[in-house]
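Here is the structure we will look at, set down as structure tokens.
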2 protein chains.
Amino acid sequence: MTERGGPRRVRMRDVAVAAGVSASTVANVLSRPDIVAPETRLRVEQAIRRTGFVRSGPARQLRGLPSPIVGSVVLDLANPYFAALNRGVEDRLAEAGCLLLTASTDLRPEKEGQLLDLLQEQAVRGIVIAPIGSDRGALLAASRRGTPVVLVDEPRSGLDLCAAAVDDVLGGRLAAEHLLALGHRRIAYLGATVESGTVTRRRAGVRQAVADAGLDPDDTVVDLRMVLHPPALVDAAAGAVDHLLALRPAPTAVLCLNDTAALGVLRRLHALGRRVPEDVSVVGYDDLPFAALLSPPLTTVRQPTYALGRTAAGLLLDEARPDHTHRQVLFRPELMVRSSTAPPPGEPAADPPPPTARRERR
Amino acid sequence: MTERGGPRRVRMRDVAVAAGVSASTVANVLSRPDIVAPETRLRVEQAIRRTGFVRSGPARQLRGLPSPIVGSVVLDLANPYFAALNRGVEDRLAEAGCLLLTASTDLRPEKEGQLLDLLQEQAVRGIVIAPIGSDRGALLAASRRGTPVVLVDEPRSGLDLCAAAVDDVLGGRLAAEHLLALGHRRIAYLGATVESGTVTRRRAGVRQAVADAGLDPDDTVVDLRMVLHPPALVDAAAGAVDHLLALRPAPTAVLCLNDTAALGVLRRLHALGRRVPEDVSVVGYDDLPFAALLSPPLTTVRQPTYALGRTAAGLLLDEARPDHTHRQVLFRPELMVRSSTAPPPGEPAADPPPPTARRERR
DNA sequence: ATGAAAGCGCTAACAA
DNA sequence: TTGTTAGCGCTTTCAT
């Protein structure tokens with residue numbers, strides 16, 4: 001139908017011939033138009049358009065020019081949290097003319113390792129990664145070999161890398177302090193058997209808050225761990241509710257690893273006829289757009305997701321500068337108190353929320 | 001601290017020297033290990049590990065090997081619909097050892113054009129695109145020049161390209177038929193001033209259904225169009241509610257362009273003290289995970305989002321086969337009837353929903 | 001202002 | 001079984 005024999009890619013040479021000049025002149029028109037005679041330039045530009053020439057990125061990279069591609073490795077791009085984070089990264093990079101190549105690890109360290117190799121093979125400009133494996137060695141090695149690596153959602157912990165993270169321990173503390181102030185003394189923390197560092201650190205924050213309140217974390221905090229992956233997170237969370245309700249003494253509140261899990265928890269509690277927050281209090285994490293509109297509106301911890309992504313990208317771009325030094329940017333999470341939390345059953349009126357909390361304006 | 005003068009990338013030559021062989025032997029160890037003497041192979045493999053060698057993708061591409069990178073161009077990756085779609089694309093590609101490079105157009109045709117150029121410049125293996133501009137010429141040109149292009153969320157319409165799409169007209173029809181059967185005779189369609197083809201086609205489906213019911217679409221369907229971009233979608237949708245309520249005669253139902261917009265509509269209606277569905281019925285689109293958990297649970301149109309992404313990726317991978325012929329895969333949307341829709345105020349009991357609808361199991 | 005030439009790191013055909 | 005060689009398409013001196 002169209003030309004036979006596979007559409008040969010148009011090269012600079014072809015344009016040169018079409019314009020009656022040499023290849024280097026074509027190159028000059030593209031890279032330093034000012035040093036080409038206006039009339040020649042015009043001829044070349046027309047030839048470029050006429051032939052549909054697109055220059056070859058791979059060839060340019062081979063010549064030593066930097067790739068415009070940055071890699072992003074997240075836990076799961078279908079998770080709205082990472083989607084928003086990634087959008088922040090993408091936007092900041094776009095301002096620098098860069099593109100973002102994203103892949104999900106599904107919390108599997110071996111997949112993370114493969115992706116890291118693949119990205120280095122592509123000679124990307126750098127990598128933004130929310131790591132799951134504990135193998136920081138591979139990250140350090142990549143960085144040392146010339147592929148800058150920026151941690152996101154994970155603190156620097158003394159590593160020779162840049163990092164953009166949220167204070168997860170604080171996030172856990174804020175949520176726990178809120179529940180403790182309401183009078184809860186038996187709190188479930190819904191995590192997973194395989195979970196990211198963020199989730200683990202928040203649990204530590206919860207336990208800290210409990211200890212600071214003079215209570216024993218081992219008595220007060222109940223560890224609930226979902227087995228993920230075959231079931232979708234929201235369903236696994238729903239399933240966890242049955243375990244929760246079977247516990248004795250029964251927890252009066254659940255802290256969920258994120259809003260999506262809270263969604264599943266609410267669904268199952270509704271289905272079982274338990275009232276939220278009268279019978280059980282539920283707290284989410286992330287403050288996704290839908291959190292404020294669930295029934296009841298979800299108390300949750302807000303993270304500056306998009307800004308986090310932008311910041312990580314900014315740190316990565318900065319690595320190209322000669323005077324760059326690795327650094328960490330740490331954001332603060334914020335408790336959003338809504339209607340899914342209340343004093344436990346049989347408790348008098350609540351204390352006021354702690355000063356760090358923000359009660360939502362209408 | 002580490003080596004001085006920038007960490008020079010390790011090349012095949014370096015490995016060859018370290019192993020005391022030639023570069024081609026190293027290449028052979030990597031590409032056809034079986035033709036290398038076991039003992040030599042071992043020496044080379046050790047040298048590879050010792051030196052931290054990573055082969056150069058750009059150089060391989062220049063030699064004519066295909067890039068493992070596929071480009072994905074969506075309207076907005078922060079939109080959970082596209083995030084899920086993209087995850088489908090990513091997973092299918094991963095099975096073929098490919099990586100996905102995603103960028104958002106924000107519904108801006110000029111950004112779409114730039115991205116297309118950038119991706120072709122990178123000599124990606126192919127492009128999956130949810131197009132916004134009407135400039136199919138650029139897509140066709142890219143395809144003809146050797147970068148396969150697969151349309152997603154957009155029908156083929158006779159173009160010489162593959163496409164994976166959902167029947168949007170049908171989706172609009174289903175939603176409208178449901179409302180008509182409930183007795184609604186004045187229905188608002190909440191779209192945008194700049195909207196994707198999907199949204200436009202659904203409106204057409206709505207009008208068709210109305211016409212088929214013997215009513216005049218111009219009287220029955222009210223066009224509500226949000227100005228997007230400065231305000232986030234959910235806020236813009238909330239704002240549109242005020243316009244909606246000012247209309248005379250007032251619509252008794254709103255069809256929203258997606259679930260996120262429906263979120264905003266519900267929020268504002270609640271804030272204004274209107275009851276859903278008693279005063280106004282609301283219908284979303286996409287059936288995102290939170291839709292079933294809003295108050296009230298949202299009637300919406302489900303799309304096979306993840307499958308759509310997988311299919312698109314599959315079509316793209318198929319383009320590499322010599323006997324490939326372009327084709328379209330069309331999915332059917334499905335109406336999910338929940339509690340945000342009911343007969344209009346002052347209407348007797350509802351007719352049963354049309355046979356295409358699915359009433360959710362508890 | 002333009003062109004000739006070298007070479008980036010790799011692969012594949014061919015020679016040894 | 002291993003090594004030699006000739007480019008892939010481009011950028012960049014360095015002539016002209």
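Scheme for the structure tokens: letters A, B, ... for chains in order shown; per-chain residue numbers from 1; ligand numbers from 1 in order shown.
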Taking only residues of chain A that have an atom at most 8 Å from an atom of chain B, what is each one's shortest atom pair and its distance in Å to one decimal, using only C-alpha atoms, in chain and number order, as JSON lines?
{"residue": "A:Gly6", "atom": "CA", "partner": "B:Gly146", "partner_atom": "CA", "distance": 7.7}
{"residue": "A:Pro7", "atom": "CA", "partner": "B:Arg145", "partner_atom": "CA", "distance": 5.7}
{"residue": "A:Arg8", "atom": "CA", "partner": "B:Arg145", "partner_atom": "CA", "distance": 7.3}
{"residue": "A:Arg9", "atom": "CA", "partner": "B:Arg145", "partner_atom": "CA", "distance": 6.5}
{"residue": "A:Val54", "atom": "CA", "partner": "B:Glu121", "partner_atom": "CA", "distance": 5.8}
{"residue": "A:Arg55", "atom": "CA", "partner": "B:Glu121", "partner_atom": "CA", "distance": 5.7}
{"residue": "A:Ser56", "atom": "CA", "partner": "B:Glu121", "partner_atom": "CA", "distance": 5.3}
{"residue": "A:Gly57", "atom": "CA", "partner": "B:Gln122", "partner_atom": "CA", "distance": 4.7}
{"residue": "A:Pro58", "atom": "CA", "partner": "B:Pro58", "partner_atom": "CA", "distance": 4.5}
{"residue": "A:Ala59", "atom": "CA", "partner": "B:Leu62", "partner_atom": "CA", "distance": 6.0}
{"residue": "A:Gln61", "atom": "CA", "partner": "B:Pro58", "partner_atom": "CA", "distance": 6.5}
{"residue": "A:Leu62", "atom": "CA", "partner": "B:Ala59", "partner_atom": "CA", "distance": 6.0}
{"residue": "A:Leu77", "atom": "CA", "partner": "B:Ala83", "partner_atom": "CA", "distance": 6.3}
{"residue": "A:Ala78", "atom": "CA", "partner": "B:Ala84", "partner_atom": "CA", "distance": 4.9}
{"residue": "A:Asn79", "atom": "CA", "partner": "B:Ala83", "partner_atom": "CA", "distance": 7.8}
{"residue": "A:Pro80", "atom": "CA", "partner": "B:Pro80", "partner_atom": "CA", "distance": 6.0}
{"residue": "A:Ala83", "atom": "CA", "partner": "B:Ala78", "partner_atom": "CA", "distance": 5.1}
{"residue": "A:Ala84", "atom": "CA", "partner": "B:Ala78", "partner_atom": "CA", "distance": 4.9}
{"residue": "A:Asn86", "atom": "CA", "partner": "B:Ala78", "partner_atom": "CA", "distance": 7.8}
{"residue": "A:Arg87", "atom": "CA", "partner": "B:Ala78", "partner_atom": "CA", "distance": 5.9}
{"residue": "A:Glu90", "atom": "CA", "partner": "B:Ala103", "partner_atom": "CA", "distance": 7.1}
{"residue": "A:Leu99", "atom": "CA", "partner": "B:Ala103", "partner_atom": "CA", "distance": 7.0}
{"residue": "A:Leu100", "atom": "CA", "partner": "B:Leu101", "partner_atom": "CA", "distance": 5.8}
{"residue": "A:Leu101", "atom": "CA", "partner": "B:Leu101", "partner_atom": "CA", "distance": 3.8}
{"residue": "A:Thr102", "atom": "CA", "partner": "B:Leu101", "partner_atom": "CA", "distance": 5.9}
{"residue": "A:Ala103", "atom": "CA", "partner": "B:Leu100", "partner_atom": "CA", "distance": 6.8}
{"residue": "A:Asp117", "atom": "CA", "partner": "B:Val54", "partner_atom": "CA", "distance": 7.7}
{"residue": "A:Gln120", "atom": "CA", "partner": "B:Val54", "partner_atom": "CA", "distance": 7.1}
{"residue": "A:Glu121", "atom": "CA", "partner": "B:Gly57", "partner_atom": "CA", "distance": 5.3}
{"residue": "A:Gln122", "atom": "CA", "partner": "B:Gly57", "partner_atom": "CA", "distance": 4.7}
{"residue": "A:Ala123", "atom": "CA", "partner": "B:Ser56", "partner_atom": "CA", "distance": 6.8}
{"residue": "A:Arg144", "atom": "CA", "partner": "B:Pro7", "partner_atom": "CA", "distance": 6.9}
{"residue": "A:Arg145", "atom": "CA", "partner": "B:Pro7", "partner_atom": "CA", "distance": 5.7}
{"residue": "A:Gly146", "atom": "CA", "partner": "B:Pro7", "partner_atom": "CA", "distance": 6.1}
{"residue": "A:Leu263", "atom": "CA", "partner": "B:Phe290", "partner_atom": "CA", "distance": 7.0}
{"residue": "A:Arg267", "atom": "CA", "partner": "B:Leu293", "partner_atom": "CA", "distance": 6.8}
{"residue": "A:Phe290", "atom": "CA", "partner": "B:Phe290", "partner_atom": "CA", "distance": 6.9}
{"residue": "A:Leu293", "atom": "CA", "partner": "B:Leu294", "partner_atom": "CA", "distance": 6.1}
{"residue": "A:Leu294", "atom": "CA", "partner": "B:Leu294", "partner_atom": "CA", "distance": 4.7}
{"residue": "A:Ser295", "atom": "CA", "partner": "B:Ser295", "partner_atom": "CA", "distance": 5.3}
{"residue": "A:Pro296", "atom": "CA", "partner": "B:Ser295", "partner_atom": "CA", "distance": 8.0}
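Backbone DSSP of segment 150-219 of chain A yields strand (DSSP E or B) at A:Val150, A:Leu151, A:Val152, A:Cys162, A:Ala163, A:Ala164, A:Ala165, A:Val166, A:Ile187, A:Ala188, A:Tyr189, A:Leu190, A:Gly191, A:Ala192.
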Write the residues you've just listed into a file as a short mmCIF file (atom, residue, chain, number, x, y, z; two decimals), in the first residue's frame, and include all heavy atoms for each of them.
data_model
loop_
_atom_site.label_atom_id
_atom_site.label_comp_id
_atom_site.auth_asym_id
_atom_site.auth_seq_id
_atom_site.Cartn_x
_atom_site.Cartn_y
_atom_site.Cartn_z
N VAL A 150 18.03 9.43 43.24
CA VAL A 150 17.39 10.20 44.31
C VAL A 150 16.35 9.32 44.98
O VAL A 150 15.49 8.74 44.31
CB VAL A 150 16.73 11.47 43.75
CG1 VAL A 150 15.88 12.15 44.82
CG2 VAL A 150 17.77 12.43 43.22
N LEU A 151 16.42 9.23 46.28
CA LEU A 151 15.44 8.47 47.04
C LEU A 151 14.19 9.31 47.22
O LEU A 151 14.26 10.51 47.47
CB LEU A 151 15.98 8.11 48.42
CG LEU A 151 17.23 7.26 48.47
CD1 LEU A 151 17.68 7.10 49.92
CD2 LEU A 151 16.95 5.90 47.85
N VAL A 152 13.05 8.66 47.12
CA VAL A 152 11.82 9.37 47.41
C VAL A 152 11.02 8.50 48.35
O VAL A 152 11.05 7.27 48.26
CB VAL A 152 11.05 9.71 46.11
CG1 VAL A 152 10.47 8.47 45.47
CG2 VAL A 152 9.98 10.72 46.36
N CYS A 162 20.84 11.90 47.37
CA CYS A 162 19.80 12.86 47.72
C CYS A 162 18.52 12.11 48.08
O CYS A 162 18.31 10.97 47.65
CB CYS A 162 19.51 13.79 46.55
SG CYS A 162 20.72 15.11 46.37
N ALA A 163 17.67 12.77 48.86
CA ALA A 163 16.41 12.13 49.24
C ALA A 163 15.33 13.19 49.44
O ALA A 163 15.60 14.29 49.91
CB ALA A 163 16.59 11.32 50.51
N ALA A 164 14.11 12.84 49.08
CA ALA A 164 12.93 13.67 49.35
C ALA A 164 11.94 12.77 50.06
O ALA A 164 11.53 11.75 49.50
CB ALA A 164 12.33 14.22 48.06
N ALA A 165 11.60 13.10 51.27
CA ALA A 165 10.76 12.20 52.05
C ALA A 165 9.81 12.96 52.95
O ALA A 165 9.93 14.18 53.13
CB ALA A 165 11.63 11.26 52.88
N VAL A 166 8.86 12.24 53.49
CA VAL A 166 7.94 12.80 54.46
C VAL A 166 8.29 12.16 55.79
O VAL A 166 8.71 11.01 55.83
CB VAL A 166 6.48 12.49 54.06
CG1 VAL A 166 5.52 13.13 55.04
CG2 VAL A 166 6.19 12.96 52.65
N ILE A 187 -5.57 -0.11 69.97
CA ILE A 187 -5.53 0.43 68.61
C ILE A 187 -4.90 -0.58 67.66
O ILE A 187 -3.80 -1.08 67.93
CB ILE A 187 -4.70 1.73 68.58
CG1 ILE A 187 -5.36 2.80 69.47
CG2 ILE A 187 -4.53 2.24 67.15
CD1 ILE A 187 -4.51 4.02 69.71
N ALA A 188 -5.58 -0.89 66.58
CA ALA A 188 -5.00 -1.79 65.58
C ALA A 188 -4.25 -0.98 64.54
O ALA A 188 -4.71 0.08 64.11
CB ALA A 188 -6.09 -2.61 64.91
N TYR A 189 -3.09 -1.48 64.17
CA TYR A 189 -2.36 -0.86 63.06
C TYR A 189 -2.39 -1.84 61.90
O TYR A 189 -1.82 -2.93 61.98
CB TYR A 189 -0.92 -0.55 63.46
CG TYR A 189 -0.15 0.18 62.37
CD1 TYR A 189 -0.26 1.56 62.23
CD2 TYR A 189 0.63 -0.51 61.46
CE1 TYR A 189 0.40 2.23 61.22
CE2 TYR A 189 1.30 0.15 60.44
CZ TYR A 189 1.18 1.52 60.33
OH TYR A 189 1.83 2.18 59.32
N LEU A 190 -3.08 -1.44 60.83
CA LEU A 190 -3.24 -2.33 59.69
C LEU A 190 -2.10 -2.12 58.70
O LEU A 190 -2.09 -1.14 57.96
CB LEU A 190 -4.59 -2.09 59.02
CG LEU A 190 -4.90 -2.94 57.78
CD1 LEU A 190 -4.82 -4.42 58.11
CD2 LEU A 190 -6.28 -2.59 57.23
N GLY A 191 -1.15 -3.04 58.72
CA GLY A 191 -0.03 -2.99 57.78
C GLY A 191 -0.07 -4.21 56.87
O GLY A 191 -1.15 -4.74 56.61
N ALA A 192 1.07 -4.65 56.41
CA ALA A 192 1.10 -5.81 55.52
C ALA A 192 2.29 -6.68 55.85
O ALA A 192 3.21 -6.25 56.54
CB ALA A 192 1.15 -5.35 54.07
#
Counting only C-alpha atoms (C1' of nucleotides), what is within 12 Å of DC14 of chain C, bar same-chain residues fewer than 6 positions away, as a compact mmCIF listing (two decimals) with all heavy atoms, in the first residue's frame?
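Result saved to out27.txt:
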# COMPACT_ATOMS: atom_id res chain seq x y z
P DG D 3 40.40 -13.41 21.82
OP1 DG D 3 41.65 -13.16 22.56
OP2 DG D 3 39.09 -12.97 22.37
O5' DG D 3 40.57 -12.82 20.35
C5' DG D 3 41.66 -13.28 19.57
C4' DG D 3 41.68 -12.59 18.23
O4' DG D 3 40.53 -13.03 17.46
C3' DG D 3 41.61 -11.07 18.28
O3' DG D 3 42.51 -10.55 17.31
C2' DG D 3 40.16 -10.77 17.91
C1' DG D 3 39.84 -11.91 16.95
N9 DG D 3 38.44 -12.27 16.89
C8 DG D 3 37.62 -12.59 17.95
N7 DG D 3 36.41 -12.91 17.59
C5 DG D 3 36.42 -12.78 16.20
C6 DG D 3 35.38 -12.97 15.27
O6 DG D 3 34.22 -13.33 15.47
N1 DG D 3 35.82 -12.73 13.95
C2 DG D 3 37.09 -12.35 13.63
N2 DG D 3 37.32 -12.15 12.33
N3 DG D 3 38.06 -12.16 14.50
C4 DG D 3 37.66 -12.39 15.76
P DT D 4 42.83 -9.01 17.24
OP1 DT D 4 44.28 -8.85 17.43
OP2 DT D 4 41.88 -8.31 18.16
O5' DT D 4 42.44 -8.63 15.76
C5' DT D 4 42.42 -9.64 14.75
C4' DT D 4 41.79 -9.07 13.48
O4' DT D 4 40.39 -9.50 13.40
C3' DT D 4 41.77 -7.54 13.37
O3' DT D 4 42.04 -7.21 12.02
C2' DT D 4 40.35 -7.19 13.80
C1' DT D 4 39.55 -8.36 13.22
N1 DT D 4 38.28 -8.67 13.92
C2 DT D 4 37.14 -8.90 13.17
O2 DT D 4 37.11 -8.87 11.95
N3 DT D 4 36.02 -9.20 13.91
C4 DT D 4 35.93 -9.26 15.30
O4 DT D 4 34.87 -9.53 15.85
C5 DT D 4 37.15 -8.99 16.00
C7 DT D 4 37.16 -9.03 17.51
C6 DT D 4 38.26 -8.71 15.30
P DT D 5 42.13 -5.71 11.58
OP1 DT D 5 43.03 -5.68 10.41
OP2 DT D 5 42.38 -4.84 12.75
O5' DT D 5 40.64 -5.46 11.07
C5' DT D 5 40.13 -6.27 10.01
C4' DT D 5 38.73 -5.83 9.65
O4' DT D 5 37.79 -6.27 10.65
C3' DT D 5 38.57 -4.30 9.55
O3' DT D 5 37.89 -4.02 8.34
C2' DT D 5 37.71 -3.94 10.76
C1' DT D 5 36.88 -5.22 10.93
N1 DT D 5 36.34 -5.46 12.30
C2 DT D 5 35.08 -6.01 12.43
O2 DT D 5 34.39 -6.31 11.50
N3 DT D 5 34.67 -6.20 13.74
C4 DT D 5 35.39 -5.89 14.88
O4 DT D 5 34.91 -6.11 15.99
C5 DT D 5 36.69 -5.31 14.67
C7 DT D 5 37.54 -4.93 15.84
C6 DT D 5 37.10 -5.12 13.40
P DA D 6 38.02 -2.61 7.68
OP1 DA D 6 38.74 -2.78 6.40
OP2 DA D 6 38.50 -1.63 8.68
O5' DA D 6 36.49 -2.30 7.35
C5' DA D 6 35.64 -3.37 6.93
C4' DA D 6 34.21 -3.03 7.30
O4' DA D 6 33.98 -3.35 8.70
C3' DA D 6 33.85 -1.55 7.13
O3' DA D 6 32.54 -1.51 6.60
C2' DA D 6 33.90 -1.01 8.56
C1' DA D 6 33.38 -2.22 9.33
N9 DA D 6 33.74 -2.28 10.74
C8 DA D 6 34.89 -1.83 11.34
N7 DA D 6 34.93 -2.04 12.64
C5 DA D 6 33.72 -2.65 12.91
C6 DA D 6 33.14 -3.13 14.10
N6 DA D 6 33.74 -3.07 15.29
N1 DA D 6 31.91 -3.69 14.01
C2 DA D 6 31.32 -3.77 12.82
N3 DA D 6 31.76 -3.37 11.64
C4 DA D 6 32.98 -2.80 11.75
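For the pair atom CA of Ile129 of chain A and atom CA of Val149 of chain A, the interatomic distance is 7.2 Å.
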Once you count only C-alpha atoms (C1' of nucleotides), which residues of chain C turn out to be within 7 Å of chain B? Could you give them as a list in words?
DG9, DC10 and DT11 of chain C
How would the residues just chosen look if you wrote them out with N, CA, C and O atoms (P, O5', C5', C4', C3', O3' and C1' of nucleotides) as a PDB file, in the first residue's frame?
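Output below, filename out.pdb:
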ATOM      1  P    DG C   9      32.943   5.295  24.713  1.00  0.00           P
ATOM      2  O5'  DG C   9      32.036   4.018  24.447  1.00  0.00           O
ATOM      3  C5'  DG C   9      30.671   4.038  24.820  1.00  0.00           C
ATOM      4  C4'  DG C   9      29.991   2.833  24.221  1.00  0.00           C
ATOM      5  C3'  DG C   9      30.660   1.499  24.530  1.00  0.00           C
ATOM      6  O3'  DG C   9      29.664   0.634  25.033  1.00  0.00           O
ATOM      7  C1'  DG C   9      30.307   1.716  22.210  1.00  0.00           C
ATOM      8  P    DC C  10      29.874  -0.922  25.252  1.00  0.00           P
ATOM      9  O5'  DC C  10      29.259  -1.517  23.926  1.00  0.00           O
ATOM     10  C5'  DC C  10      27.844  -1.454  23.753  1.00  0.00           C
ATOM     11  C4'  DC C  10      27.505  -1.774  22.332  1.00  0.00           C
ATOM     12  C3'  DC C  10      27.598  -3.247  21.983  1.00  0.00           C
ATOM     13  O3'  DC C  10      26.271  -3.786  22.023  1.00  0.00           O
ATOM     14  C1'  DC C  10      28.498  -1.822  20.264  1.00  0.00           C
ATOM     15  P    DT C  11      26.164  -5.422  21.905  1.00  0.00           P
ATOM     16  O5'  DT C  11      26.201  -5.642  20.331  1.00  0.00           O
ATOM     17  C5'  DT C  11      25.083  -5.209  19.576  1.00  0.00           C
ATOM     18  C4'  DT C  11      25.289  -5.574  18.125  1.00  0.00           C
ATOM     19  C3'  DT C  11      25.328  -7.063  17.847  1.00  0.00           C
ATOM     20  O3'  DT C  11      24.476  -7.256  16.730  1.00  0.00           O
ATOM     21  C1'  DT C  11      27.245  -6.006  16.936  1.00  0.00           C
TER      22       DT C  11
END
Residues of chain D were defined as contacting chain B if any atom lay at most 7 Å from it, counting only C-alpha atoms (C1' of nucleotides); please report them as a ChimeraX atom specification.
/D:1-3,8
Secondary structure check, helix (DSSP H, G or I) residues of segment 124-208 of chain B, as an MDAnalysis selection string:
chainID B and resid 136:144 168:182 197:208
Pull C-alpha atoms from the residues just selected and write them as a PDB file, in the first residue's frame.
ATOM      1  CA  ARG B 136      -4.175  12.406  13.306  1.00  0.00           C
ATOM      2  CA  GLY B 137      -1.681  13.287  10.600  1.00  0.00           C
ATOM      3  CA  ALA B 138       1.224  13.334  13.013  1.00  0.00           C
ATOM      4  CA  LEU B 139       0.258   9.914  14.342  1.00  0.00           C
ATOM      5  CA  LEU B 140      -0.024   8.462  10.885  1.00  0.00           C
ATOM      6  CA  ALA B 141       3.305   9.977   9.920  1.00  0.00           C
ATOM      7  CA  ALA B 142       5.046   8.533  12.944  1.00  0.00           C
ATOM      8  CA  SER B 143       3.589   5.143  12.225  1.00  0.00           C
ATOM      9  CA  ARG B 144       4.603   5.312   8.594  1.00  0.00           C
ATOM     10  CA  ASP B 168     -18.249   5.487  24.680  1.00  0.00           C
ATOM     11  CA  VAL B 169     -21.443   6.108  22.782  1.00  0.00           C
ATOM     12  CA  LEU B 170     -22.886   3.002  24.344  1.00  0.00           C
ATOM     13  CA  GLY B 171     -21.666   4.155  27.761  1.00  0.00           C
ATOM     14  CA  GLY B 172     -23.533   7.420  27.361  1.00  0.00           C
ATOM     15  CA  ARG B 173     -26.614   5.565  26.171  1.00  0.00           C
ATOM     16  CA  LEU B 174     -26.631   3.203  29.123  1.00  0.00           C
ATOM     17  CA  ALA B 175     -26.435   6.020  31.606  1.00  0.00           C
ATOM     18  CA  ALA B 176     -29.122   8.042  29.855  1.00  0.00           C
ATOM     19  CA  GLU B 177     -31.470   5.096  29.401  1.00  0.00           C
ATOM     20  CA  HIS B 178     -31.212   4.409  33.102  1.00  0.00           C
ATOM     21  CA  LEU B 179     -32.213   7.956  33.977  1.00  0.00           C
ATOM     22  CA  LEU B 180     -34.974   8.051  31.398  1.00  0.00           C
ATOM     23  CA  ALA B 181     -36.384   4.812  32.739  1.00  0.00           C
ATOM     24  CA  LEU B 182     -36.447   6.369  36.196  1.00  0.00           C
ATOM     25  CA  GLY B 197     -13.117  12.470  22.521  1.00  0.00           C
ATOM     26  CA  THR B 198     -14.399   9.982  25.071  1.00  0.00           C
ATOM     27  CA  VAL B 199     -16.399  12.646  26.853  1.00  0.00           C
ATOM     28  CA  THR B 200     -17.769  14.034  23.622  1.00  0.00           C
ATOM     29  CA  ARG B 201     -18.830  10.638  22.360  1.00  0.00           C
ATOM     30  CA  ARG B 202     -20.626   9.856  25.592  1.00  0.00           C
ATOM     31  CA  ARG B 203     -22.622  13.033  25.199  1.00  0.00           C
ATOM     32  CA  ALA B 204     -23.600  11.865  21.744  1.00  0.00           C
ATOM     33  CA  GLY B 205     -24.712   8.568  23.258  1.00  0.00           C
ATOM     34  CA  VAL B 206     -26.829  10.393  25.785  1.00  0.00           C
ATOM     35  CA  ARG B 207     -28.511  12.401  23.069  1.00  0.00           C
ATOM     36  CA  GLN B 208     -29.135   9.285  21.015  1.00  0.00           C
TER      37      GLN B 208
END
Between atom CA of Arg225 of chain A and atom CA of Ala262 of chain A, what is the distance, to one decimal in Å?
13.8 Å
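Counting only C-alpha atoms and comparing B:Leu116, B:Ala238, B:Leu161, B:Leu257, the residue that lies closest to Gln328 of chain B is B:Leu161.
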